[in-house]
$ cat query_7.cif   # mmCIF, C-alpha atoms
data_structure
#
loop_
_atom_site.label_atom_id
_atom_site.label_comp_id
_atom_site.auth_asym_id
_atom_site.auth_seq_id
_atom_site.Cartn_x
_atom_site.Cartn_y
_atom_site.Cartn_z
CA MET A 287 109.49 81.97 99.03
CA ASN A 288 112.99 82.91 97.88
CA ASP A 289 114.63 86.33 98.30
CA ILE A 290 114.01 87.52 94.72
CA THR A 291 110.32 86.61 94.89
CA SER A 292 110.02 88.21 98.34
CA GLN A 293 111.44 91.49 97.06
CA ILE A 294 109.11 91.44 94.06
CA THR A 295 105.98 90.60 96.06
CA GLY A 296 106.94 93.30 98.57
CA PHE A 297 107.17 95.89 95.81
CA LEU A 298 103.92 94.70 94.18
CA SER A 299 102.02 94.66 97.48
CA ALA A 300 103.17 98.18 98.35
CA ALA A 301 102.56 99.58 94.87
CA LEU A 302 99.15 97.95 94.44
CA ARG A 303 98.14 98.56 98.08
CA ARG A 304 97.06 94.98 98.66
CA GLN A 305 98.75 91.70 99.47
CA VAL A 306 100.07 90.02 96.32
CA GLU A 307 100.98 86.34 96.31
CA PRO A 308 103.70 84.88 94.02
CA ASP A 309 101.20 83.44 91.52
CA ASP A 310 98.66 86.29 91.52
CA ASP A 311 98.15 87.73 88.03
CA TYR A 312 97.55 91.37 88.94
CA PHE A 313 96.98 92.39 85.31
CA ALA A 314 94.24 89.77 84.83
CA GLN A 315 92.70 90.87 88.14
CA GLY A 316 92.50 94.45 86.89
CA LEU A 317 94.86 95.75 89.59
CA ALA A 318 97.54 96.99 87.18
CA ASP A 319 97.66 98.83 83.87
CA SER A 320 100.28 99.76 81.27
CA LEU A 321 101.53 102.69 83.35
CA PHE A 322 102.13 100.32 86.25
CA ALA A 323 103.93 97.95 83.87
CA LEU A 324 106.47 100.73 83.18
CA GLU A 325 106.91 101.31 86.91
CA LEU A 326 107.41 97.57 87.41
CA VAL A 327 110.05 97.34 84.67
CA THR A 328 111.87 100.34 86.17
CA PHE A 329 111.85 98.66 89.60
CA ILE A 330 113.18 95.38 88.17
CA GLU A 331 115.98 97.11 86.28
CA SER A 332 116.99 99.20 89.28
CA ARG A 333 116.66 96.57 92.01
CA PHE A 334 118.32 93.69 90.17
CA ALA A 335 120.85 95.74 88.14
CA LEU A 336 119.72 94.46 84.76
CA THR A 337 118.37 95.88 81.53
CA VAL A 338 114.99 94.89 80.18
CA GLN A 339 115.32 94.83 76.39
CA VAL A 340 112.48 95.59 73.98
CA GLU A 341 112.32 91.89 73.08
CA ASP A 342 111.82 91.10 76.81
CA LEU A 343 108.64 93.18 76.99
CA ASP A 344 106.06 90.43 76.99
CA LEU A 345 103.22 91.15 79.44
CA ASP A 346 102.94 87.45 80.28
CA ARG A 347 106.57 87.47 81.49
CA PHE A 348 105.73 90.20 84.03
CA SER A 349 102.23 89.07 85.08
CA THR A 350 103.17 87.27 88.33
CA ALA A 351 105.97 87.56 90.87
CA ASN A 352 107.07 83.99 90.11
CA ARG A 353 107.36 84.74 86.39
CA ILE A 354 109.36 87.89 87.13
CA THR A 355 111.63 85.84 89.40
CA GLU A 356 112.32 83.45 86.52
CA PHE A 357 113.06 86.39 84.24
CA VAL A 358 115.48 87.90 86.79
CA ARG A 359 117.21 84.54 87.26
CA CYS A 360 117.67 84.13 83.51
CA LYS A 361 119.03 87.67 83.11
CA THR A 362 121.38 87.55 86.10
CA GLY A 363 122.36 83.88 86.14
CA ALA A 364 121.04 83.52 89.70
CA PRO A 365 120.65 79.85 90.71
CA GLU A 366 117.34 78.20 91.45
CA PRO A 367 116.57 77.79 95.16
CA GLY A 368 118.33 74.65 96.40
CA GLU A 369 120.49 74.47 93.27
CA ALA A 370 124.06 73.65 94.25
CA HIS A 371 126.78 75.89 92.87
CA ALA A 372 129.46 73.67 91.35
CA GLU A 373 133.04 74.53 92.30
CA GLY A 374 135.27 75.45 89.38
CA SER A 375 132.39 76.03 86.93
#
$ encode --input "query_7.cif" --output "structure tokens"
Amino acid sequence: MNDITSQITGFLSAALRRQVEPDDDYFAQGLADSLFALELVTFIESRFALTVQVEDLDLDRFSTANRITEFVRCKTGAPEPGEAHAEGS
């Protein structure tokens, strides 16, 4: 598990008071509601120094830690795990 996913699963596990795995859909499992979704968006914005735009607010995008990780990577330009950073790019 990469660092971004670890931070997200740590937050989710603490907030939901149960262990959350990277592919667990906590909304589908009934563990989270719309109020929690707002808390989650606030955490993501604060922790990863990004802004979640209105057009980004798709519940599916935030339904698992792995999907949130992808979203954070896209917003911040963070490389995939194992992806080499090219010199001079």
$ closest_residue --input "query_7.cif" --among "A:Leu298, A:Val338, A:Leu343, A:Ile290" --to "Glu356 (chain A)" --atoms "all atoms listed in the file"
A:Ile290
$ residues_around --input "query_7.cif" --residues "Asn352 (chain A)" --least-positions-apart "2" --cutoff "10 Å" --atoms "only C-alpha atoms" --output "ChimeraX atom specification"
/A:287-288,290-292,294-295,307-311,347-350,354-358
$ write_last_selection --input "query_7.cif" --atoms "C-alpha atoms" --output "PDB file, keeping the file's coordinate frame"
ATOM      1  CA  MET A 287     109.490  81.970  99.030  1.00  0.00           C
ATOM      2  CA  ASN A 288     112.990  82.910  97.880  1.00  0.00           C
ATOM      3  CA  ILE A 290     114.010  87.520  94.720  1.00  0.00           C
ATOM      4  CA  THR A 291     110.320  86.610  94.890  1.00  0.00           C
ATOM      5  CA  SER A 292     110.020  88.210  98.340  1.00  0.00           C
ATOM      6  CA  ILE A 294     109.110  91.440  94.060  1.00  0.00           C
ATOM      7  CA  THR A 295     105.980  90.600  96.060  1.00  0.00           C
ATOM      8  CA  GLU A 307     100.980  86.340  96.310  1.00  0.00           C
ATOM      9  CA  PRO A 308     103.700  84.880  94.020  1.00  0.00           C
ATOM     10  CA  ASP A 309     101.200  83.440  91.520  1.00  0.00           C
ATOM     11  CA  ASP A 310      98.660  86.290  91.520  1.00  0.00           C
ATOM     12  CA  ASP A 311      98.150  87.730  88.030  1.00  0.00           C
ATOM     13  CA  ARG A 347     106.570  87.470  81.490  1.00  0.00           C
ATOM     14  CA  PHE A 348     105.730  90.200  84.030  1.00  0.00           C
ATOM     15  CA  SER A 349     102.230  89.070  85.080  1.00  0.00           C
ATOM     16  CA  THR A 350     103.170  87.270  88.330  1.00  0.00           C
ATOM     17  CA  ILE A 354     109.360  87.890  87.130  1.00  0.00           C
ATOM     18  CA  THR A 355     111.630  85.840  89.400  1.00  0.00           C
ATOM     19  CA  GLU A 356     112.320  83.450  86.520  1.00  0.00           C
ATOM     20  CA  PHE A 357     113.060  86.390  84.240  1.00  0.00           C
ATOM     21  CA  VAL A 358     115.480  87.900  86.790  1.00  0.00           C
TER      22      VAL A 358
END
$ atom_distance --input "query_7.cif" --atom1 "CA of Leu317 (chain A)" --atom2 "CA of Ala300 (chain A)"
12.3 Å
$ atom_distance --input "query_7.cif" --atom1 "CA of Gly296 (chain A)" --atom2 "CA of Asp344 (chain A)"
21.8 Å
$ closest_residue --input "query_7.cif" --among "A:Val327, A:Glu366, A:Gln315, A:Leu321" --to "Asp342 (chain A)" --atoms "all atoms listed in the file"
A:Val327
$ atom_distance --input "query_7.cif" --atom1 "CA of Thr337 (chain A)" --atom2 "CA of Gly316 (chain A)"
26.5 Å
$ residues_around --input "query_7.cif" --residues "Thr362 (chain A)" --least-positions-apart "6" --cutoff "9 Å" --atoms "all atoms listed in the file" --output "ChimeraX atom specification"
/A:334-336
$ closest_residue --input "query_7.cif" --among "A:Phe313, A:Ala318, A:Gly363, A:Glu325" --to "Asp346 (chain A)" --atoms "only C-alpha atoms"
A:Phe313
$ closest_residue --input "query_7.cif" --among "A:Ser320, A:Lys361, A:Gln293, A:Arg304" --to "Gln339 (chain A)" --atoms "all atoms listed in the file"
A:Lys361
$ closest_residue --input "query_7.cif" --among "A:Ala351, A:Ala364, A:Leu326, A:Val340" --to "Gln305 (chain A)" --atoms "all atoms listed in the file"
A:Ala351
